[in-house]
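Novice: Contents of protein.txt (compact mmCIF, C-alpha atoms):
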```
# COMPACT_ATOMS: atom_id res chain seq x y z
CA MET A 1 395.20 88.08 199.44
CA THR A 2 393.08 90.75 201.14
CA THR A 3 389.50 89.81 202.02
CA PHE A 4 386.91 92.57 201.82
CA SER A 5 383.47 92.84 203.39
CA SER A 6 380.44 91.50 201.58
CA LYS A 7 379.15 95.07 201.24
CA ILE A 8 382.26 96.14 199.33
CA ASP A 9 382.12 93.00 197.19
CA ARG A 10 378.51 93.85 196.28
CA THR A 11 379.05 97.58 195.77
CA TYR A 12 382.02 97.29 193.42
CA PRO A 13 380.36 95.04 190.78
CA TYR A 14 377.15 97.07 190.92
CA TRP A 15 378.85 100.37 190.14
CA ARG A 16 381.26 98.90 187.60
CA VAL A 17 378.31 97.74 185.50
CA HIS A 18 376.19 100.85 186.00
CA LEU A 19 379.07 103.26 185.35
CA MET A 20 379.89 101.41 182.14
CA ILE A 21 376.29 101.73 180.98
CA ALA A 22 376.22 105.45 181.81
CA MET A 23 379.61 106.15 180.18
CA TYR A 24 378.57 104.18 177.11
CA ILE A 25 375.30 106.04 176.60
CA GLY A 26 376.97 109.36 177.45
CA TYR A 27 379.85 109.04 175.01
CA ALA A 28 377.54 107.85 172.25
CA GLY A 29 375.57 111.03 173.00
CA PHE A 30 378.65 113.15 172.34
CA TYR A 31 378.84 111.60 168.87
CA LEU A 32 375.27 112.64 168.12
CA THR A 33 376.32 116.29 168.46
CA ARG A 34 379.85 115.87 167.08
CA LYS A 35 379.14 114.08 163.81
CA SER A 36 375.82 115.77 163.05
CA PHE A 37 377.72 118.26 160.88
CA ASN A 38 379.55 115.66 158.79
CA PHE A 39 376.44 113.87 157.63
CA ALA A 40 374.47 117.03 156.87
CA VAL A 41 377.26 118.55 154.75
CA PRO A 42 375.95 117.54 151.28
CA GLU A 43 372.56 119.13 152.04
CA MET A 44 374.17 122.22 153.59
CA ILE A 45 376.29 122.70 150.47
CA SER A 46 373.13 122.53 148.35
CA ASP A 47 370.98 124.70 150.63
CA LEU A 48 373.43 127.41 151.69
CA GLY A 49 375.87 127.35 148.77
CA ILE A 50 378.85 126.64 151.05
CA GLU A 51 382.13 125.83 149.31
CA LYS A 52 384.17 122.70 150.07
CA SER A 53 386.96 124.94 151.35
CA ASP A 54 384.47 126.48 153.84
CA ILE A 55 383.52 123.01 155.03
CA GLY A 56 387.17 122.01 155.32
CA LEU A 57 388.01 125.16 157.30
CA MET A 58 385.13 124.59 159.71
CA ALA A 59 386.27 121.00 160.22
CA THR A 60 389.88 122.04 160.79
CA LEU A 61 388.93 124.72 163.35
CA PHE A 62 386.66 122.21 165.06
CA TYR A 63 389.39 119.61 165.40
CA ILE A 64 392.06 122.05 166.57
CA THR A 65 389.70 123.45 169.21
CA TYR A 66 388.60 119.97 170.24
CA GLY A 67 392.19 118.80 170.61
CA VAL A 68 393.17 121.82 172.73
CA SER A 69 390.05 121.36 174.86
CA LYS A 70 390.79 117.66 175.30
CA PHE A 71 394.25 118.48 176.63
CA PHE A 72 393.28 121.23 179.08
CA SER A 73 390.11 119.47 180.20
CA GLY A 74 392.25 116.36 180.77
CA ILE A 75 394.39 118.27 183.28
CA PHE A 76 391.30 119.67 184.98
CA SER A 77 389.32 116.43 184.98
CA ASP A 78 392.09 114.54 186.79
CA GLN A 79 391.39 116.78 189.78
CA SER A 80 387.58 117.05 189.47
CA ASN A 81 384.44 114.94 189.60
CA PRO A 82 383.88 113.30 186.18
CA ARG A 83 380.16 113.12 186.91
CA HIS A 84 379.63 116.88 186.59
CA PHE A 85 382.38 117.41 184.05
CA MET A 86 381.03 115.01 181.45
CA ALA A 87 377.33 115.80 181.96
CA ILE A 88 377.67 119.59 181.68
CA GLY A 89 379.85 119.24 178.58
CA LEU A 90 377.24 117.08 176.84
CA ILE A 91 374.35 119.39 177.74
CA MET A 92 376.25 122.37 176.30
CA THR A 93 376.95 120.53 173.03
CA GLY A 94 373.23 119.83 172.72
CA ILE A 95 372.32 123.50 173.18
CA LEU A 96 374.92 124.57 170.61
CA ASN A 97 373.67 122.03 168.05
CA ILE A 98 370.15 123.42 168.36
CA PHE A 99 371.42 126.97 167.72
CA PHE A 100 373.50 125.64 164.79
CA GLY A 101 370.37 124.23 163.17
CA LEU A 102 368.68 127.63 163.46
CA SER A 103 371.53 129.63 161.86
CA ASN A 104 372.33 130.74 158.29
CA SER A 105 375.54 132.80 158.32
CA VAL A 106 378.75 130.87 157.56
CA LEU A 107 380.59 133.02 160.12
CA PHE A 108 378.02 132.33 162.84
CA LEU A 109 377.87 128.64 161.94
CA THR A 110 381.66 128.44 162.26
CA ALA A 111 381.63 130.20 165.65
CA LEU A 112 378.96 127.83 166.98
CA TRP A 113 380.82 124.78 165.70
CA VAL A 114 384.07 125.91 167.34
CA ALA A 115 382.21 126.44 170.65
CA ASN A 116 380.73 122.97 170.27
CA ALA A 117 384.25 121.59 169.82
CA TRP A 118 385.34 123.05 173.15
CA PHE A 119 382.60 121.27 175.11
CA GLN A 120 383.10 118.07 173.08
CA GLY A 121 386.52 117.85 174.73
CA TRP A 122 384.89 117.29 178.13
CA GLY A 123 383.81 113.71 177.41
CA TRP A 124 386.90 111.59 176.85
CA PRO A 125 389.05 112.71 179.86
CA ALA A 126 386.18 112.06 182.28
CA CYS A 127 385.74 108.57 180.85
CA SER A 128 389.48 107.81 180.95
CA LYS A 129 389.55 108.72 184.65
CA LEU A 130 386.61 106.43 185.39
CA LEU A 131 388.03 103.59 183.27
CA THR A 132 391.40 103.68 185.03
CA SER A 133 389.80 104.08 188.48
CA TRP A 134 387.15 101.34 188.33
CA TYR A 135 388.78 98.69 186.06
CA SER A 136 392.23 97.24 186.70
CA ARG A 137 395.16 96.75 184.34
CA ASN A 138 394.82 93.03 183.61
CA GLU A 139 391.15 93.40 182.59
CA ARG A 140 391.09 96.95 181.25
CA GLY A 141 391.50 96.02 177.60
CA HIS A 142 388.19 94.15 177.76
CA TRP A 143 386.28 96.92 179.58
CA TRP A 144 387.86 99.80 177.64
CA SER A 145 387.07 98.10 174.34
CA ILE A 146 383.42 97.71 175.34
CA TRP A 147 383.23 101.41 176.21
CA ASN A 148 385.09 102.35 173.02
CA THR A 149 382.33 100.84 170.88
CA ALA A 150 380.19 103.78 172.03
CA HIS A 151 382.10 105.71 169.34
CA ASN A 152 380.71 103.34 166.77
CA VAL A 153 377.16 103.14 168.09
CA GLY A 154 376.89 106.93 168.15
CA GLY A 155 378.79 107.20 164.87
CA ALA A 156 376.53 104.63 163.18
CA LEU A 157 373.28 106.11 164.50
CA ILE A 158 373.95 109.74 163.60
CA PRO A 159 374.26 109.29 159.79
CA LEU A 160 371.01 107.32 159.77
CA LEU A 161 369.29 109.85 162.05
CA ILE A 162 370.51 112.89 160.10
CA GLY A 163 369.85 111.20 156.78
CA TYR A 164 366.29 110.25 157.74
CA VAL A 165 365.37 113.60 159.29
CA THR A 166 366.98 115.51 156.41
CA LEU A 167 365.16 113.41 153.84
CA HIS A 168 361.75 113.93 155.46
CA TYR A 169 362.25 117.43 156.91
CA SER A 170 365.58 119.32 156.59
CA TRP A 171 369.16 119.29 157.83
CA ARG A 172 368.14 121.96 160.36
CA HIS A 173 365.67 119.60 162.00
CA GLY A 174 368.46 117.01 162.19
CA PHE A 175 370.60 119.30 164.36
CA VAL A 176 367.68 120.17 166.62
CA VAL A 177 366.82 116.48 167.15
CA ALA A 178 370.47 115.55 167.85
CA GLY A 179 370.82 118.47 170.27
CA GLY A 180 367.65 117.59 172.16
CA LEU A 181 368.77 113.98 172.60
CA ALA A 182 372.18 115.11 173.91
CA ILE A 183 370.59 117.36 176.53
CA ALA A 184 368.41 114.50 177.77
CA ILE A 185 371.42 112.16 177.99
CA GLY A 186 373.39 114.84 179.86
CA PHE A 187 370.79 114.91 182.65
CA PHE A 188 370.91 111.10 182.71
CA LEU A 189 374.67 111.32 183.37
CA LEU A 190 374.14 113.71 186.28
CA TRP A 191 371.88 111.06 187.79
CA ARG A 192 374.00 107.92 187.17
CA LEU A 193 377.71 108.80 187.10
CA ARG A 194 379.90 108.76 190.23
CA ASN A 195 383.48 109.69 191.16
CA THR A 196 386.38 107.33 191.99
CA PRO A 197 386.03 104.26 194.27
CA GLU A 198 388.11 105.97 196.97
CA ALA A 199 385.73 108.97 196.94
CA MET A 200 382.89 106.53 197.69
CA GLY A 201 384.73 104.93 200.61
CA LEU A 202 385.86 101.85 198.64
CA PRO A 203 389.39 100.41 198.32
CA SER A 204 391.34 101.10 195.13
CA ILE A 205 390.67 98.84 192.17
CA GLY A 206 394.18 97.36 192.43
CA HIS A 207 393.59 96.29 196.03
CA TRP A 208 390.09 94.98 195.38
CA ARG A 209 391.20 92.83 192.43
CA ASN A 210 394.70 92.14 193.77
CA ASP A 211 396.15 93.08 190.37
CA GLU A 212 399.93 93.29 190.58
CA LEU A 213 400.28 95.46 187.47
CA GLU A 214 397.68 97.86 188.82
CA LEU A 215 399.19 97.96 192.31
CA SER A 216 402.63 98.74 190.93
CA GLN A 217 401.16 101.75 189.13
CA GLU A 218 399.18 102.87 192.18
CA PHE A 219 402.38 102.98 194.26
CA LEU A 220 404.38 104.70 191.50
CA ALA A 221 406.42 107.67 192.82
CA PRO A 222 404.08 108.60 195.72
CA HIS A 223 406.55 111.28 196.90
CA LEU A 224 406.26 113.40 193.74
CA ASN A 225 404.01 116.45 193.62
CA TRP A 226 401.50 117.10 190.84
CA ARG A 227 403.86 119.24 188.75
CA ASP A 228 406.68 116.67 188.91
CA ILE A 229 404.29 113.86 187.98
CA LEU A 230 403.13 115.80 184.92
CA ARG A 231 406.65 116.62 183.83
CA HIS A 232 408.17 113.18 184.33
CA TYR A 233 405.31 110.84 183.41
CA VAL A 234 403.59 112.85 180.68
CA PHE A 235 405.61 115.64 179.07
CA LEU A 236 409.04 113.97 179.25
CA ASN A 237 407.78 110.43 178.68
CA LYS A 238 409.19 109.18 175.36
CA TYR A 239 406.43 106.58 175.00
CA ILE A 240 403.74 109.26 175.35
CA TRP A 241 405.36 111.20 172.50
CA LEU A 242 405.51 108.12 170.25
CA LEU A 243 401.88 107.42 171.02
CA ALA A 244 401.05 111.03 170.19
CA LEU A 245 402.72 110.66 166.77
CA SER A 246 400.91 107.42 165.96
CA TYR A 247 397.62 108.91 167.19
CA THR A 248 398.08 111.86 164.82
CA LEU A 249 398.30 109.50 161.87
CA VAL A 250 395.42 107.30 163.06
CA TYR A 251 393.17 110.35 163.14
CA VAL A 252 394.26 111.49 159.69
CA VAL A 253 392.95 108.15 158.39
CA ARG A 254 389.88 107.95 160.61
CA THR A 255 388.76 111.52 159.97
CA ALA A 256 389.47 111.40 156.25
CA ILE A 257 387.22 108.37 155.79
CA ASN A 258 384.58 109.54 158.24
CA ASP A 259 384.34 113.17 157.05
CA TRP A 260 384.94 112.77 153.33
CA GLY A 261 383.50 109.28 152.78
CA ASN A 262 379.95 110.36 151.95
CA ILE A 263 381.20 113.15 149.65
CA TYR A 264 383.47 110.62 147.91
CA LEU A 265 380.55 108.25 147.40
CA THR A 266 378.12 110.95 146.18
CA GLU A 267 380.66 112.43 143.74
CA ASN A 268 382.55 109.37 142.57
CA TYR A 269 379.78 106.76 142.60
CA HIS A 270 376.70 109.05 142.44
CA TYR A 271 375.17 107.72 145.67
CA ASP A 272 372.27 109.67 147.17
CA LEU A 273 372.76 111.02 150.73
CA VAL A 274 370.91 108.21 152.50
CA SER A 275 372.77 105.49 150.55
CA ALA A 276 376.15 107.17 151.12
CA ASN A 277 375.51 107.60 154.85
CA SER A 278 374.30 104.01 155.10
CA ALA A 279 377.51 102.75 153.49
CA LEU A 280 379.54 104.95 155.80
CA ALA A 281 377.65 103.57 158.80
CA LEU A 282 379.39 100.25 158.03
CA PHE A 283 382.68 102.00 158.85
CA GLU A 284 381.36 102.43 162.40
CA VAL A 285 379.92 98.92 162.55
CA GLY A 286 383.34 97.55 161.58
CA GLY A 287 384.91 99.72 164.26
CA PHE A 288 382.53 98.23 166.85
CA PHE A 289 383.90 94.75 166.26
CA GLY A 290 387.48 95.95 165.76
CA SER A 291 387.52 97.63 169.18
CA LEU A 292 386.28 94.49 170.91
CA VAL A 293 388.81 92.24 169.18
CA ALA A 294 391.69 94.65 169.84
CA GLY A 295 390.90 95.02 173.54
CA TRP A 296 390.37 91.29 174.07
CA GLY A 297 393.48 90.40 172.11
CA SER A 298 395.75 92.82 173.96
CA ASP A 299 394.64 91.35 177.33
CA ARG A 300 394.57 87.68 176.41
CA LEU A 301 397.22 87.29 173.72
CA PHE A 302 399.83 89.86 174.80
CA SER A 303 399.43 90.06 178.62
CA SER A 304 397.93 93.58 178.55
CA ASN A 305 400.73 94.96 176.34
CA ARG A 306 398.85 97.11 173.83
CA GLY A 307 401.71 97.52 171.31
CA PRO A 308 401.71 94.21 169.36
CA MET A 309 397.95 94.21 168.85
CA ALA A 310 397.98 97.85 167.74
CA LEU A 311 400.73 97.06 165.20
CA ILE A 312 398.75 94.16 163.72
CA PHE A 313 395.76 96.43 163.26
CA ALA A 314 397.91 99.21 161.77
CA ILE A 315 399.10 96.85 159.05
CA GLY A 316 395.47 95.98 158.38
CA ILE A 317 394.65 99.68 157.96
CA PHE A 318 397.23 100.06 155.21
CA PHE A 319 396.04 97.08 153.16
CA SER A 320 392.31 97.84 153.55
CA ILE A 321 392.81 101.50 152.55
CA THR A 322 394.81 100.41 149.51
CA ALA A 323 392.05 98.00 148.52
CA LEU A 324 389.41 100.74 148.88
CA TRP A 325 391.51 103.02 146.66
CA LEU A 326 392.05 100.47 143.88
CA LEU A 327 388.53 98.96 143.92
CA PRO A 328 386.76 98.89 140.52
CA LYS A 329 383.74 101.20 140.48
CA GLU A 330 381.17 98.54 139.65
CA LYS A 331 381.83 96.50 142.84
CA ASP A 332 379.18 98.15 145.05
CA ILE A 333 378.85 95.31 147.57
CA LEU A 334 382.61 95.00 147.93
CA LEU A 335 382.83 98.79 148.36
CA SER A 336 380.49 98.65 151.35
CA ALA A 337 382.38 95.66 152.76
CA LEU A 338 385.65 97.57 152.55
CA PHE A 339 384.21 100.45 154.58
CA PHE A 340 383.44 97.83 157.23
CA VAL A 341 386.98 96.40 157.07
CA VAL A 342 388.66 99.83 157.22
CA GLY A 343 386.56 100.67 160.28
CA PHE A 344 387.48 97.34 161.90
CA PHE A 345 391.20 98.06 161.63
CA VAL A 346 391.12 101.83 162.31
CA PHE A 347 389.28 101.60 165.62
CA GLY A 348 391.70 99.03 167.04
CA PRO A 349 394.65 101.46 167.31
CA GLN A 350 392.27 104.34 168.03
CA MET A 351 391.23 102.53 171.20
CA LEU A 352 394.55 100.91 172.14
CA ILE A 353 396.67 104.05 171.80
CA GLY A 354 394.45 106.06 174.13
CA MET A 355 394.48 103.25 176.68
CA ALA A 356 398.26 102.80 176.36
CA ALA A 357 398.76 106.51 177.05
CA ALA A 358 396.79 106.25 180.30
CA GLU A 359 398.79 103.17 181.30
CA CYS A 360 402.20 104.62 180.37
CA ALA A 361 401.59 107.65 182.57
CA HIS A 362 401.07 107.97 186.33
CA LYS A 363 397.91 106.65 187.99
CA LYS A 364 396.98 110.23 188.91
CA THR A 365 397.19 111.55 185.34
CA PRO A 366 395.03 109.37 183.02
CA GLY A 367 393.01 112.36 181.82
CA THR A 368 396.10 114.47 181.21
CA ALA A 369 397.94 111.70 179.35
CA THR A 370 395.00 110.82 177.13
CA GLY A 371 394.22 114.51 176.66
CA PHE A 372 397.83 115.16 175.62
CA VAL A 373 397.89 112.44 172.94
CA GLY A 374 394.33 113.48 172.05
CA LEU A 375 395.61 116.97 171.28
CA PHE A 376 397.92 115.45 168.67
CA ALA A 377 395.17 113.14 167.44
CA TYR A 378 393.00 116.09 166.57
CA LEU A 379 395.87 117.90 164.93
CA GLY A 380 395.78 114.86 162.65
CA ALA A 381 392.03 115.29 162.31
CA ALA A 382 392.60 118.95 161.44
CA ILE A 383 394.97 117.88 158.66
CA ALA A 384 392.09 115.84 157.28
CA GLY A 385 389.98 119.01 157.16
CA TYR A 386 391.08 122.11 155.28
CA PRO A 387 394.55 120.84 154.13
CA LEU A 388 393.02 117.67 152.74
CA ALA A 389 390.27 119.71 151.08
CA LEU A 390 392.96 121.64 149.19
CA ILE A 391 394.62 118.37 148.15
CA VAL A 392 391.29 117.00 146.90
CA GLN A 393 390.65 120.19 144.90
CA GLN A 394 394.13 120.07 143.36
CA PHE A 395 394.78 116.33 142.95
CA HIS A 396 391.25 114.94 143.21
CA TRP A 397 390.60 111.63 144.98
CA THR A 398 393.95 110.17 143.95
CA GLY A 399 395.68 112.74 146.14
CA PHE A 400 393.24 111.94 148.93
CA PHE A 401 394.12 108.25 148.95
CA ILE A 402 397.86 108.86 148.68
CA VAL A 403 397.73 110.95 151.88
CA VAL A 404 395.61 108.36 153.69
CA ALA A 405 397.73 105.38 152.58
CA CYS A 406 400.99 107.08 153.61
CA SER A 407 399.48 107.93 156.98
CA ALA A 408 398.47 104.30 157.45
CA ALA A 409 402.04 103.15 156.75
CA GLY A 410 403.36 105.71 159.23
CA ILE A 411 401.13 104.35 162.00
CA ALA A 412 402.77 100.93 161.78
CA LEU A 413 406.29 102.40 161.82
CA SER A 414 405.62 104.57 164.87
CA LEU A 415 404.25 101.59 166.83
CA LEU A 416 407.31 99.35 166.35
CA PRO A 417 408.99 100.42 169.64
CA PHE A 418 405.94 99.19 171.56
CA LEU A 419 406.44 95.55 170.62
CA LYS A 420 408.39 95.10 173.86
CA ALA A 421 407.15 98.10 175.87
CA GLN A 422 405.22 97.24 179.03
CA GLY A 423 404.30 100.25 181.14
```
Can you turn what I pasted into structure tokens?
Specialist:
Amino acid sequence: MTTFSSKIDRTYPYWRVHLMIAMYIGYAGFYLTRKSFNFAVPEMISDLGIEKSDIGLMATLFYITYGVSKFFSGIFSDQSNPRHFMAIGLIMTGILNIFFGLSNSVLFLTALWVANAWFQGWGWPACSKLLTSWYSRNERGHWWSIWNTAHNVGGALIPLLIGYVTLHYSWRHGFVVAGGLAIAIGFFLLWRLRNTPEAMGLPSIGHWRNDELELSQEFLAPHLNWRDILRHYVFLNKYIWLLALSYTLVYVVRTAINDWGNIYLTENYHYDLVSANSALALFEVGGFFGSLVAGWGSDRLFSSNRGPMALIFAIGIFFSITALWLLPKEKDILLSALFFVVGFFVFGPQMLIGMAAAECAHKKTPGTATGFVGLFAYLGAAIAGYPLALIVQQFHWTGFFIVVACSAAGIALSLLPFLKAQG
């Protein structure tokens, strides 16, 4: 076992903790400017007279643009400094949210939201590079799951923030506040983020932790050039394609509940905006705990194989969605509890699939691999926008839940080959 100097042994733990804090705050910041739209929608419909089909189209264009950005920024981020990449992206989303809150035209609002989607795609690939560079394979489930709860912290805060500001001021003020916070966090990232350990003169994480799984990936095909690595370990990797399919379905479910949940509650149960957003916040709270359990379980129970744990959670998605669909209307407390349970199960595969993609690919391509499956994820999210809006208009909420339940069943089927896969 290699022995390192006391300086290295002090520097590594320091930056692992501080980078996690910065990534956590930074990615939660992206959610402040990404989900601001979703939780202001009921008030925007009332104030501007926007149709549901307009909302669905804006959501679909957002998710398609975000997915494409996630893919191309993944390729670029693998060869760049995540410090600048993530910070600049977040600052731009903040500026665009402020302009969104000052606009009236549906066309201009759509253009601003699509531009926001492009810069939103700069967050995840930068984090995936840092997570695979600073945390090794046999511990990554634990660390990645901690970081992944930033989705839920940001996702839980934004409905409460938007709901409160909208109630006391207007939805426009909500966008300005969210944008201002994102800009401040972006400058914080410029101050606290760093590049890879090797760029700071440290040994690789595999060498420092003496992790055999990590070392085997670090020495994987060192003779291949960048183009060959992309072709063999990403684009022609059958496991990456299966993960992409399952990710598509996960995001159909996640986005359907997240984007349409408050409209469902206001229309079907006559909740006011604050009550609906508060109930939906439980979806994110459930996801917080689900991510932690999924990451811990995949490391401890299945020796860092992400497949079995993801499958268990996928089965949970199907049954919790079915229960939410068939719940009697008068069970308000149980309704809120089910949003928590759905979130718990949805965010397990959401986290594990992204991590599995990074681990199934080459050590040099974590951003590209996660960006590639992320492209498909947000195609799924796009399906939950305009296409699902048309289904709701034609078949009402019964059609909505049929689509979501079938997607949940498909997730479990697509994850079956990973029961024995160990990248």
Novice: Which of these residues is nearest to A:Val253, using only C-alpha atoms: A:Leu415, A:His84, A:Thr110, A:Val346?
Specialist: A:Val346
Novice: Select, from A:Ser5, A:Gln217, A:Asn38, A:Asn277, the residue with the minimum atom-to-atom distance to A:Tyr164, counting all atoms listed in the file.
Specialist: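 Using all atoms listed in the file, the shortest distance to A:Tyr164 belongs to A:Asn277.
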Novice: At a cut-off of 7 Å, using only C-alpha atoms, what residues contact stretch 355-370 of chain A? Leave out same-chain residues fewer than 5 positions from it and give the result as a list in words.
Specialist: Phe71, Gly74, Ile75, Ser77, Asp78, Pro125, Ala126, Ser128, Lys129, Gln217, Glu218, Leu220, Ile229, Tyr233, Val234, Ile240, Leu243, Arg306 and Gly423 of chain A
Novice: In terms of the shortest atom-to-atom distance over all atoms listed in the file, which of A:Asp332, A:Trp171, A:Met20, A:Gly286 is closest to A:Ser46?
Specialist: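 That would be A:Trp171, the residue with the smallest distance to A:Ser46.
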Novice: Dump as CSV the rows for residues of stretch 189-290 of chain A within 7 Å of stretch 399-413 of chain A: closest atom pair and distance in Å with one decimal, all atoms listed in the file counted, ordered by chain and rising residue number.
Specialist:
```
residue,atom,partner,partner_atom,distance
A:Ser246,CA,A:Ile411,CA,5.0
A:Leu249,CA,A:Ser407,CA,5.3
A:Val250,CA,A:Ile411,CA,6.5
A:Val252,CA,A:Ser407,CA,6.9
A:Val253,CA,A:Val404,CA,5.4
```
Novice: Quote the spacing between atom CA of A:Trp325 and atom CA of A:Val341 in Å to one decimal place.
Specialist: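 Atom-to-atom, atom CA of A:Trp325 and atom CA of A:Val341 are spaced 13.1 Å apart.
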Novice: Report, in Å to a single decimal, how far apart atom CA of A:Trp118 and atom CA of A:Val68 are.
Specialist: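 About the pair atom CA of A:Val68 and atom CA of A:Trp118: they are 7.9 Å apart.
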Novice: What lies within 12 Å of A:Ile185 using only C-alpha atoms, ignoring chain neighbours under 2 positions off, as a PyMOL selection string?
Specialist: chain A and resi 21-33+86-94+178-183+187-193
Novice: Have a look at atom CA of A:Phe339 and atom CA of A:Leu282 and let me know their distance in Å, one decimal.
Specialist: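 Taking atom CA of A:Phe339 and atom CA of A:Leu282, their separation equals 5.9 Å.
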Novice: Could you tell me which of A:Thr322, A:Ser73, A:Asn138, A:Ser336 comes closest to A:Asn210 if we count only C-alpha atoms?
Specialist: A:Asn138
Novice: Would you list the contacts of A:Ile50 as number ranges by chain, taking every protein, DNA or RNA residue within 12 Å and counting only C-alpha atoms, but skipping same-chain residues closer than 4 positions in sequence?
Specialist: A: 41-46, 54-58, 104-107, 109-110
Novice: Of the candidates A:Glu198, A:Trp134, A:Tyr264, A:Phe318, which shows the shortest atom-to-atom distance to A:His396, using all atoms listed in the file?
Specialist: A:Tyr264
Novice: Using only C-alpha atoms, can you tell me which of A:Thr398, A:Ser216, A:Ser133, A:Ser69 comes closest to A:Met200?
Specialist: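 Of the candidates, the smallest distance to A:Met200 is held by A:Ser133.
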Novice: Excluding A:Ala294 and any residue of its chain fewer than 5 positions from it, enumerate the residues within 9 Å of it, using only C-alpha atoms, and give them as a list of chain:residue names.
Specialist: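 Near A:Ala294, the qualifying residues are A:Gly141, A:His142, A:Ser145, A:Phe289, A:Asp299, A:Arg306, A:Met309, A:Ala310, A:Phe313, A:Phe345, A:Phe347, A:Gly348, A:Pro349, A:Met351, A:Leu352.
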Novice: Which stretch 34-119 of chain A residues have any atom within 6 Å of an atom of stretch 376-385 of chain A, and for each, what is the nearest pair of atoms with distance in Å to one decimal, counting all atoms listed in the file, rows sorted by chain and number, as a tab-separated table?
Specialist:
```
residue	atom	partner	partner_atom	distance
A:Gly56	CA	A:Gly385	CA	4.5
A:Ala59	CA	A:Gly385	CA	5.2
A:Thr60	CA	A:Ala382	CA	4.2
A:Tyr63	CA	A:Ala382	CA	5.1
A:Ile64	CA	A:Leu379	CA	5.9
A:Gly67	CA	A:Tyr378	CA	4.9
```
